[in-house]
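Undergrad: Here's a structure for you.
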Amino acid sequence: MKRQGKGLMLLMTLLLLSLLASGLASAAPQAGSSPVQALSTSPMQNYVDAMQPGWNLGNSFDSVGLGGTSNPSGEDETAWGNPIVTQQQIQQIANQGYKSIRIPITWEHKLGTAPSYTIQPAYLNRIEQVVNWSLNEGLYVMINIHHDSWSWVNNMGNQRTQVLNQFNKIWEQVADRFKNHSNKLMFESINEPQFSSWGWYGQQEMLDTLNSSFHSIVRASGGENATRPLVLPTMHTSSEQQHLDALYNSMISLNDPNLIATVHYYGFWPFSVNIAGVTRFDEQTRADIISSFDRVHNTFTARGIPVVVGEFGLLGFDQHTGTIEQGEKLKFFEYMIYYAQLKKLTHMLWDNGQHFNRLTFQWKDQQLFDMMKASWTSRSATASTDLIFIKQGQSAADTPVTLALNEPGNQFLGLSVNGANLNPGTDYTLNSGVLTFKAGLLNNLTAGKPLGHKTVIKASFSKGASWLFNVIVYNTPSLSAASGQTSSFAIPTSFNGDQLATMEAVYPNGSNAGPQNWTSFKEFAYTFEPSYGSNQIVLKQNFFNDVNNGTVILKFHFWSGAVIQYTLNKSGNWVSGTP
């Protein structure tokens with residue numbers, strides 16, 4: 001997922017946390033009343049409801065650069081590591097249960113020179129081919145202008161005429177090519193609009209100008225485009241109230257019943273990237289979902305303008321999907337999908353190849369997909385954790401875990417290991433929502449097992465997805481001395497079955513070390529990363545770039561509860577460390 005420009009204004013999220021907690025951020029907007037139809041009778045709301053759920057064909061046609069080895073003809077759709085798009089891929093996405101597909105498209109590298117900015121015919125033909133494959137599968141289809149938003153459209157403040165002309169020429173050609181296609185094809189004006197510089201005009205004025213020009217071009221192009229659904233974004237596709245209000249007012253001024261608003265959602269930022277010690281799906285993270293979607297609903301959906309959450313996921317997935325612990329990740333997706341649907345918002349999963357394998361047609365994390373798919377129709381039960389650590393050589397104790405059934409009428413059916421049912425009363429008890437794993441069961445599952453051995457206990461319910469508990473044999477991790485260049489520094493680590501949750505970095509005087517020094521807890525995978533296969537904790541150049549020469553004290557927090565201290569000494573590009 002090449003997320004250029006993602007996460008803008010993220011620190012502001014933290015500053016607004018008190019507002020989120022108090023509910024002020026979800027107050028009803030002050031924009032004027034709208035003469036739109038009631039929600040229950042809005043054709044566009046019915047249209048957007050039918051799109052639920054949606055999926056993004058990310059890092060394919062939106063990628064920029066030379067073609068990859070899988071496609072020597074040089075099609076840019078392979079440039080960011082994904083295979084060439086095939087008809088079978090599209091069929092498989094429809095087979096998974098998705099009802100809509102968003103096809104992000106970057107156009108800049110396929111345009112001729114000014115003033116015509118002619119799109120290369122072969123590229124436009126290729127886009128049409130994939131659009132047709134998608135429509136033939138019964139999918140609703142969204143196409144857009146994607147990474148052009150940060151590569152040249154953001155220069156509109158300094159190059160207003162040039163940017164507007166180029167933007168208009170793209171949409172003139174796209175609108176003409178697709179004007180006779182089914183209205184299950186919709187156009188999105190631009191992805192994540194942003195402006196790096198501006199002069200006489202403000203940023204919102206520039207976005208309004210682009211959206212208005214896009215609207216006029218499409219509506220005047222004939223055929224189905226006279227009523228084709230058009231998707232308009234907020235600034236940065238943000239759900240901040242000022243941006244929602246600005247888009248609402250702009251859409252009302254267009255006086256068009258066939259418009260859809262769009263925002264993106266990547267969660268409460270500290271949780272989304274695993275920073276500042278927010279390793280769990282906590283109340284702050286839940287509150288961010290509620291306040292964000294309440295604002296969107298109150299501004300648009302409740303007033304007759306449907307909304308598509310055109311991308312959702314977690315920003316930490318830019319590094320890899322293991323940045324967020326599995327159980328905490330599952331709780332986020334379960335609740336986010338539930339609350340989006342409660343607020344009548346259609347959600348479209350961002351997938352840059354990290355989720356659905358486009359060659360084998362299998363999910364890389366089947367448990368995550370099972371949770372998402374179950375959430376389309378019902379809530380799933382979750383637990384306070386999915387990790388149960390039993391220290392090697394020690395007798396286990398009764399271990400309580402809190403269950404949340406989440407759905408009225410959902411019932412706990414029982415526990416099993418490898419298909420064999422466990423015995424209530426003997427192996428476990430359930431009282432007032434507290435599931436207790438009995439010491440005898442845990443001892444039987446772990447006795448004589450090597451470090452890192454994992455037994456999966458499956459909890460089954462009458463509704464939704466199952467929940468998996470991982471019973472892990474561990475011992476306290478140990479770290480060894482190391483030295484080397486900052487560009488390739490790693491700490492030899494015996495994880496002993498444990499899993500790393502987060503890392504703190506401070507100077508001897510107690511001040512925070514490293515990047516984003518408003519917190520001692522560093523960003524997982526961006527500044528440090530466990531390598532369980534090579535028995536190392538890697539400290540990345542991103543971390544050392546903002547570390548002063550001298551001593552730095554690290555604290556590694558593990559999911560078992562162990563905290564290990566480690567001391568670094570940095571001198572220029574050389575660093576050494578001792579436990």
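As shown in the structure tokens, the chain order sets the letters A, B, ...; within each chain, residues go from 1, and ligands are also counted from 1 in the order they appear.
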What lies within 12 Å of Arg219 of chain A using only C-alpha atoms, ignoring chain neighbours under 2 positions off, as an MDAnalysis selection string?
TA: chainID A and resid 171:172 175:176 179 187 212:217 221:230 254 256 258:259
Undergrad: Neighbours of segment 104-119 of chain A within 6 Å (only C-alpha atoms; same-chain residues fewer than 3 positions away dropped), as an MDAnalysis selection string?
TA: chainID A and resid 61:62 143:148
Undergrad: So that I have them on file, write out the residues from the current selection with C-alpha atoms, as a compact mmCIF listing (two decimals), in the first residue's frame.
TA:
# COMPACT_ATOMS: atom_id res chain seq x y z
CA PHE A 61 -3.34 0.79 -11.59
CA ASP A 62 -2.54 3.41 -8.98
CA ILE A 143 -12.76 4.58 -10.71
CA ASN A 144 -10.91 7.76 -9.87
CA ILE A 145 -7.87 9.99 -10.17
CA HIS A 146 -5.62 8.56 -7.47
CA HIS A 147 -1.94 9.32 -6.70
CA ASP A 148 -2.02 12.26 -9.08
Undergrad: Tell me, which residues of segment 36-138 of chain A carry DSSP helix (DSSP H, G or I), written as a PyMOL selection string?
TA: chain A and resi 39-41+43-50+76-78+87-95+108-110+121-136
Undergrad: Those selected residues, please, written with N, CA and C atoms and delivered as a compact mmCIF listing (two decimals), in the first residue's frame.
TA:
# COMPACT_ATOMS: atom_id res chain seq x y z
N LEU A 39 -33.97 9.65 4.17
CA LEU A 39 -33.04 8.55 4.01
C LEU A 39 -33.71 7.29 3.48
N SER A 40 -34.89 6.97 3.98
CA SER A 40 -35.55 5.71 3.63
C SER A 40 -36.00 5.68 2.18
N THR A 41 -36.11 6.84 1.52
CA THR A 41 -36.60 6.86 0.15
C THR A 41 -35.54 7.34 -0.85
N PRO A 43 -32.93 7.13 -3.53
CA PRO A 43 -32.37 6.13 -4.46
C PRO A 43 -30.86 5.97 -4.32
N MET A 44 -30.16 7.07 -4.07
CA MET A 44 -28.72 6.97 -3.94
C MET A 44 -28.32 6.20 -2.68
N GLN A 45 -29.10 6.34 -1.60
CA GLN A 45 -28.80 5.54 -0.41
C GLN A 45 -28.99 4.06 -0.70
N ASN A 46 -30.05 3.73 -1.45
CA ASN A 46 -30.26 2.34 -1.83
C ASN A 46 -29.10 1.83 -2.69
N TYR A 47 -28.62 2.68 -3.56
CA TYR A 47 -27.48 2.34 -4.42
C TYR A 47 -26.25 2.03 -3.58
N VAL A 48 -25.95 2.91 -2.62
CA VAL A 48 -24.77 2.73 -1.78
C VAL A 48 -24.95 1.52 -0.85
N ASP A 49 -26.17 1.28 -0.37
CA ASP A 49 -26.42 0.10 0.45
C ASP A 49 -26.09 -1.17 -0.34
N ALA A 50 -26.42 -1.17 -1.63
CA ALA A 50 -26.19 -2.35 -2.47
C ALA A 50 -24.70 -2.57 -2.74
N ASP A 76 2.29 -0.61 -15.90
CA ASP A 76 2.63 -0.10 -14.58
C ASP A 76 1.88 -0.79 -13.46
N GLU A 77 0.86 -1.57 -13.77
CA GLU A 77 0.10 -2.22 -12.71
C GLU A 77 0.94 -3.21 -11.92
N THR A 78 2.12 -3.59 -12.40
CA THR A 78 2.99 -4.51 -11.66
C THR A 78 4.10 -3.79 -10.91
N GLN A 87 -8.93 -11.48 -15.22
CA GLN A 87 -10.37 -11.64 -15.06
C GLN A 87 -10.70 -12.60 -13.91
N GLN A 88 -9.85 -13.61 -13.73
CA GLN A 88 -10.09 -14.57 -12.66
C GLN A 88 -9.96 -13.91 -11.29
N GLN A 89 -9.02 -12.96 -11.14
CA GLN A 89 -8.91 -12.23 -9.87
C GLN A 89 -10.21 -11.53 -9.54
N ILE A 90 -10.78 -10.85 -10.53
CA ILE A 90 -12.03 -10.13 -10.31
C ILE A 90 -13.15 -11.09 -9.96
N GLN A 91 -13.20 -12.22 -10.66
CA GLN A 91 -14.21 -13.22 -10.36
C GLN A 91 -14.09 -13.72 -8.93
N GLN A 92 -12.85 -13.94 -8.49
CA GLN A 92 -12.61 -14.44 -7.15
C GLN A 92 -13.04 -13.44 -6.08
N ILE A 93 -12.81 -12.16 -6.34
CA ILE A 93 -13.25 -11.13 -5.38
C ILE A 93 -14.77 -11.15 -5.25
N ALA A 94 -15.46 -11.27 -6.37
CA ALA A 94 -16.92 -11.38 -6.31
C ALA A 94 -17.33 -12.65 -5.57
N ASN A 95 -16.59 -13.73 -5.77
CA ASN A 95 -16.92 -14.99 -5.10
C ASN A 95 -16.73 -14.91 -3.59
N GLU A 108 -0.96 10.17 -14.47
CA GLU A 108 0.10 11.08 -14.90
C GLU A 108 1.09 10.42 -15.86
N HIS A 109 1.50 9.21 -15.54
CA HIS A 109 2.52 8.53 -16.33
C HIS A 109 2.01 8.00 -17.66
N LYS A 110 0.70 8.16 -17.90
CA LYS A 110 0.11 7.69 -19.16
C LYS A 110 -0.50 8.83 -19.97
N PRO A 121 -3.91 5.36 -25.53
CA PRO A 121 -5.06 4.50 -25.86
C PRO A 121 -4.99 3.12 -25.23
N ALA A 122 -3.80 2.52 -25.22
CA ALA A 122 -3.68 1.17 -24.67
C ALA A 122 -4.02 1.16 -23.18
N TYR A 123 -3.65 2.23 -22.47
CA TYR A 123 -3.93 2.30 -21.04
C TYR A 123 -5.42 2.45 -20.79
N LEU A 124 -6.06 3.33 -21.54
CA LEU A 124 -7.50 3.52 -21.37
C LEU A 124 -8.25 2.25 -21.74
N ASN A 125 -7.78 1.56 -22.78
CA ASN A 125 -8.39 0.28 -23.15
C ASN A 125 -8.25 -0.74 -22.02
N ARG A 126 -7.09 -0.75 -21.39
CA ARG A 126 -6.84 -1.70 -20.31
C ARG A 126 -7.74 -1.41 -19.10
N ILE A 127 -7.89 -0.13 -18.77
CA ILE A 127 -8.79 0.23 -17.68
C ILE A 127 -10.21 -0.21 -18.01
N GLU A 128 -10.63 0.03 -19.23
CA GLU A 128 -11.99 -0.36 -19.63
C GLU A 128 -12.17 -1.88 -19.55
N GLN A 129 -11.13 -2.62 -19.91
CA GLN A 129 -11.22 -4.07 -19.85
C GLN A 129 -11.49 -4.54 -18.42
N VAL A 130 -10.76 -3.99 -17.45
CA VAL A 130 -10.93 -4.41 -16.06
C VAL A 130 -12.27 -3.92 -15.52
N VAL A 131 -12.69 -2.72 -15.91
CA VAL A 131 -14.01 -2.24 -15.52
C VAL A 131 -15.09 -3.18 -16.04
N ASN A 132 -14.97 -3.59 -17.29
CA ASN A 132 -15.97 -4.48 -17.87
C ASN A 132 -15.97 -5.84 -17.18
N TRP A 133 -14.79 -6.36 -16.86
CA TRP A 133 -14.75 -7.62 -16.10
C TRP A 133 -15.51 -7.49 -14.80
N SER A 134 -15.32 -6.36 -14.12
CA SER A 134 -15.95 -6.14 -12.83
C SER A 134 -17.47 -6.01 -12.97
N LEU A 135 -17.91 -5.25 -13.95
CA LEU A 135 -19.35 -5.10 -14.17
C LEU A 135 -19.99 -6.44 -14.55
N ASN A 136 -19.26 -7.23 -15.33
CA ASN A 136 -19.80 -8.53 -15.74
C ASN A 136 -19.97 -9.48 -14.56
Undergrad: Which of these residues is nearest to Phe469 of chain A, using only C-alpha atoms: A:Phe332, A:Tyr532, A:Tyr98, A:Phe389?
TA: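 Closest residue, counting only C-alpha atoms: A:Phe389.
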Undergrad: Would you work out the distance separating atom CA of Ala287 of chain A from atom CA of Tyr339 of chain A, expressed in Å to one decimal?
TA: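 If I compute the distance from atom CA of Ala287 of chain A to atom CA of Tyr339 of chain A, I get 11.0 Å.
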Undergrad: Please indicate the distance in Å from atom CA of Leu244 of chain A to atom CA of Asp318 of chain A, rounded to one decimal place.
TA: 26.3 Å
